[in-house]
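Shown next: protein-v1.txt, containing compact mmCIF, C-alpha atoms.
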```txt
# COMPACT_ATOMS: atom_id res chain seq x y z
CA MET A 1063 0.00 0.00 0.00
CA THR A 1064 1.35 3.42 -0.94
CA ASP A 1065 0.91 6.42 1.24
CA SER A 1066 -0.66 9.73 0.28
CA ARG A 1067 2.71 11.47 -0.09
CA ASP A 1068 3.87 8.88 -2.65
CA ASP A 1069 0.66 9.41 -4.63
CA ASP A 1070 1.12 13.20 -4.49
CA VAL A 1071 4.70 12.90 -5.70
CA ALA A 1072 3.65 10.57 -8.52
CA ARG A 1073 0.96 13.05 -9.60
CA PHE A 1074 3.48 15.89 -9.50
CA VAL A 1075 5.98 13.89 -11.59
CA GLU A 1076 3.38 13.15 -14.25
CA ARG A 1077 2.05 16.71 -14.28
CA PHE A 1078 5.44 18.42 -14.59
CA ALA A 1079 6.70 15.82 -17.08
CA LEU A 1080 3.65 16.52 -19.23
CA LEU A 1081 4.46 20.24 -19.16
CA LEU A 1082 8.07 19.53 -20.15
CA SER A 1083 6.91 17.29 -22.98
CA GLU A 1084 4.49 19.97 -24.18
CA ALA A 1085 7.53 22.29 -24.29
CA GLY A 1086 9.41 19.85 -26.53
CA MET A 1087 11.13 17.28 -24.32
CA ALA A 1088 10.32 13.65 -25.11
CA ARG A 1089 7.91 12.13 -22.61
CA MET A 1090 10.13 9.47 -20.99
CA PRO A 1091 13.13 11.76 -20.47
CA ALA A 1092 10.73 14.32 -18.99
CA ARG A 1093 9.39 11.74 -16.55
CA VAL A 1094 12.87 10.53 -15.56
CA PHE A 1095 14.17 14.07 -15.14
CA THR A 1096 11.21 15.12 -13.03
CA ARG A 1097 11.44 11.99 -10.88
CA LEU A 1098 15.09 12.78 -10.16
CA LEU A 1099 14.20 16.37 -9.31
CA ALA A 1100 11.59 15.10 -6.87
CA THR A 1101 14.03 12.84 -5.03
CA ASP A 1102 15.75 14.31 -1.96
CA SER A 1103 19.14 12.91 -2.95
CA GLY A 1104 18.66 13.92 -6.58
CA ARG A 1105 19.96 10.52 -7.65
CA MET A 1106 18.56 7.09 -8.41
CA THR A 1107 19.69 3.93 -10.14
CA ALA A 1108 18.07 2.79 -13.37
CA ALA A 1109 16.27 0.03 -11.45
CA GLU A 1110 14.93 2.54 -8.91
CA LEU A 1111 13.75 4.84 -11.69
CA ALA A 1112 12.10 1.95 -13.54
CA GLU A 1113 10.27 0.91 -10.39
CA ALA A 1114 9.25 4.44 -9.43
CA LEU A 1115 7.89 5.16 -12.91
CA ASP A 1116 6.57 1.64 -13.55
CA VAL A 1117 8.46 1.28 -16.83
CA SER A 1118 11.06 -1.04 -18.28
CA PRO A 1119 14.79 -0.60 -17.69
CA ALA A 1120 15.17 -0.15 -21.47
CA ALA A 1121 12.92 2.92 -21.33
CA ILE A 1122 15.12 4.34 -18.57
CA SER A 1123 18.29 3.64 -20.55
CA GLY A 1124 17.17 5.69 -23.54
CA ALA A 1125 15.86 8.49 -21.37
CA VAL A 1126 19.02 8.92 -19.29
CA ARG A 1127 21.19 8.74 -22.41
CA TYR A 1128 19.26 11.70 -23.84
CA LEU A 1129 19.28 13.62 -20.54
CA ASP A 1130 23.03 13.12 -20.22
CA GLN A 1131 23.57 14.41 -23.77
CA VAL A 1132 21.68 17.62 -23.00
CA HIS A 1133 23.46 17.99 -19.64
CA LEU A 1134 20.37 17.67 -17.45
CA VAL A 1135 21.61 14.57 -15.61
CA HIS A 1136 24.96 12.93 -15.08
CA LYS A 1137 25.92 9.34 -14.53
CA GLY A 1138 28.07 8.28 -11.62
CA ARG A 1139 29.08 5.41 -9.42
CA GLU A 1140 30.17 5.50 -5.81
CA PRO A 1141 33.24 3.49 -4.79
CA GLY A 1142 32.20 -0.10 -4.13
CA GLU A 1143 28.85 0.24 -5.93
CA ARG A 1144 28.03 -2.08 -8.79
CA ARG A 1145 25.29 0.01 -10.31
CA ASP A 1146 25.45 3.38 -11.98
CA HIS A 1147 23.24 6.08 -10.63
CA TYR A 1148 21.80 9.07 -12.44
CA ALA A 1149 21.70 12.43 -10.75
CA VAL A 1150 20.58 16.00 -11.06
CA ASP A 1151 22.46 18.74 -9.28
CA ASP A 1152 20.72 21.29 -7.12
CA ASN A 1153 21.60 23.89 -9.76
CA THR A 1154 20.81 21.69 -12.75
CA TRP A 1155 18.88 24.39 -14.63
CA LEU A 1156 21.73 26.87 -14.35
CA GLU A 1157 24.20 24.25 -15.55
CA ALA A 1158 21.97 23.32 -18.49
CA ILE A 1159 21.74 26.97 -19.52
CA THR A 1160 25.49 27.44 -19.06
CA ASN A 1161 26.18 24.47 -21.32
CA ARG A 1162 23.88 26.01 -23.92
CA ASP A 1163 26.57 28.69 -24.47
CA LYS A 1164 28.75 26.11 -26.21
CA LEU A 1165 25.90 25.32 -28.53
CA TYR A 1166 25.36 29.02 -29.27
CA ASP A 1167 29.03 29.33 -30.22
CA ALA A 1168 28.78 26.44 -32.68
CA TRP A 1169 25.54 27.81 -34.13
CA ASN A 1170 27.04 31.27 -34.51
CA SER A 1171 30.05 29.89 -36.35
CA ALA A 1172 27.84 27.96 -38.77
CA LEU A 1173 25.47 30.92 -39.19
CA THR A 1174 28.39 33.24 -39.96
CA ASP A 1175 29.49 30.85 -42.69
CA GLY A 1176 25.93 30.64 -43.99
CA ALA A 1177 25.46 34.41 -44.07
CA GLU A 1178 28.75 34.82 -45.92
CA ALA A 1179 27.88 32.08 -48.41
CA LEU A 1180 24.45 33.56 -49.13
CA GLY A 1181 25.50 37.19 -48.90
CA THR A 1182 23.68 39.52 -46.54
CA ASP A 1183 22.32 41.43 -49.54
CA SER A 1184 19.97 38.48 -50.21
CA ARG A 1185 16.80 37.86 -48.17
CA ALA A 1186 18.06 34.42 -47.13
CA GLY A 1187 21.48 35.78 -46.17
CA LYS A 1188 19.89 38.59 -44.14
CA ARG A 1189 17.63 36.06 -42.40
CA ILE A 1190 20.62 33.88 -41.54
CA ASP A 1191 22.58 36.90 -40.31
CA ASP A 1192 19.62 38.08 -38.22
CA THR A 1193 19.50 34.61 -36.69
CA ARG A 1194 23.23 34.80 -35.93
CA ARG A 1195 22.83 38.21 -34.31
CA PHE A 1196 19.88 36.93 -32.26
CA PHE A 1197 21.96 34.10 -30.85
CA LEU A 1198 24.81 36.50 -30.03
CA PHE A 1199 22.26 38.65 -28.18
CA LEU A 1200 20.79 35.62 -26.44
CA LYS A 1201 24.24 34.46 -25.32
CA ALA A 1202 25.03 37.87 -23.83
CA GLU A 1203 21.66 38.12 -22.10
CA THR A 1204 21.98 34.59 -20.77
CA ALA A 1205 25.36 35.41 -19.24
CA ALA A 1206 23.89 38.52 -17.58
CA MET A 1207 20.91 36.52 -16.32
CA GLN A 1208 23.19 33.85 -14.85
CA GLU A 1209 25.15 36.48 -12.94
CA LYS A 1210 21.93 38.01 -11.59
CA TRP A 1211 20.76 34.56 -10.50
CA ARG A 1212 24.03 33.79 -8.75
CA ALA A 1213 23.93 37.14 -6.95
CA GLN A 1214 20.32 36.55 -5.90
CA GLU A 1215 21.16 33.07 -4.61
CA ALA A 1216 24.22 34.34 -2.75
CA ALA A 1217 22.08 36.97 -1.02
CA ARG A 1218 19.48 34.37 -0.01
```

Using structure tokens, write down the structure from this file.
Amino acid sequence: MTDSRDDDVARFVERFALLLSEAGMARMPARVFTRLLATDSGRMTAAELAEALDVSPAAISGAVRYLDQVHLVHKGREPGERRDHYAVDDNTWLEAITNRDKLYDAWNSALTDGAEALGTDSRAGKRIDDTRRFFLFLKAETAAMQEKWRAQEAAR
């Protein structure tokens, strides 16, 4: 028999995972990520996740592989443990946004090449260059936002 708190947590996990999937994250990674967020330790093994979400270990494997690729979870193993665990950090959102900067740099490089290839005197070239400038702006604003967040958290 499960207690009321377990049911409330399960409802929260499904609700927030649905919101993440509506925003573009695949459903199973959204469920795994939310379940890790809702765990005091922030970490669980694949078997624990499978049991908590009532899914197969294979479903967990694919989900954590994706979440690791996008830097929302990381895999680890404690000395003497036989099983890997998957974890979210307390500042996982900040880290995910910080890692996005590397992606912006790669996009900007490719967009610069694209704008040069098309020529900014063409509509397509201007559109590509506008996209490049938007990502430069977004990178700068993200850095400023991260600093504001860190200052706010330090003052808390």

Determine, counting only C-alpha atoms, every residue of protein, DNA or RNA that lies within 12 Å of (23.8, 35.1, -21.3) in the file coordinates, then give the result as a ChimeraX atom specification. /A:1156,1159-1164,1166-1167,1196-1211

Write out as a PyMOL selection string the residues lying within 7 Å of stretch 1111-1125 of chain A, counting all atoms listed in the file and excluding same-chain residues fewer than 4 positions away. chain A and resi 1090-1091+1094+1106-1107+1129

Resulting file, chosen residues, C-alpha atoms, as a PDB file, in the frame of the given file:
```pdb
ATOM      1  CA  MET A1090      10.130   9.470 -20.990  1.00  0.00           C
ATOM      2  CA  PRO A1091      13.130  11.760 -20.470  1.00  0.00           C
ATOM      3  CA  VAL A1094      12.870  10.530 -15.560  1.00  0.00           C
ATOM      4  CA  MET A1106      18.560   7.090  -8.410  1.00  0.00           C
ATOM      5  CA  THR A1107      19.690   3.930 -10.140  1.00  0.00           C
ATOM      6  CA  LEU A1129      19.280  13.620 -20.540  1.00  0.00           C
TER       7      LEU A1129
END
```

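Between atom CA of A:Ala1072 and atom CA of A:Ala1100 lies a distance of 9.3 Å.
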
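A straight line drawn from atom CA of A:Thr1096 to atom CA of A:Gln1131 is 16.4 Å long.
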
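Proximity ranking of A:Leu1098, A:Ala1088, A:Ala1158, A:Ile1190 relative to A:Ala1172 places A:Ile1190 first, based on all atoms listed in the file.
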
Give me the residues within 6 Å of A:Val1135 as a PyMOL selection string, counting all atoms listed in the file and dropping any in the same chain fewer than 5 places off. chain A and resi 1129-1130+1149-1150

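The interatomic distance for the pair atom CA of A:Asp1069 and atom CA of A:Asp1102 works out to 16.1 Å.
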
Could you check which of A:Tyr1148, A:Arg1212, A:His1133, A:Phe1074 is closest to A:Ala1108, using only C-alpha atoms? A:Tyr1148

Within 12 Å of stretch 1173-1176 of chain A, counting all atoms listed in the file, which residues qualify if same-chain residues fewer than 2 places away don't, as a VMD selection string? chain A and resid 1166 to 1171 1178 to 1182 1184 1186 to 1198

Would you compute, for all listed atoms of stretch 1154-1164 of chain A, the axis-aligned bounding box grown by 5 Å on each side, and then report its centre and edge lengths in Å rounded to one decimal, as AutoDock Vina command-line options?
```
--center_x 23.8 --center_y 25.2 --center_z -19.5 --size_x 19.9 --size_y 17.0 --size_z 23.5
```
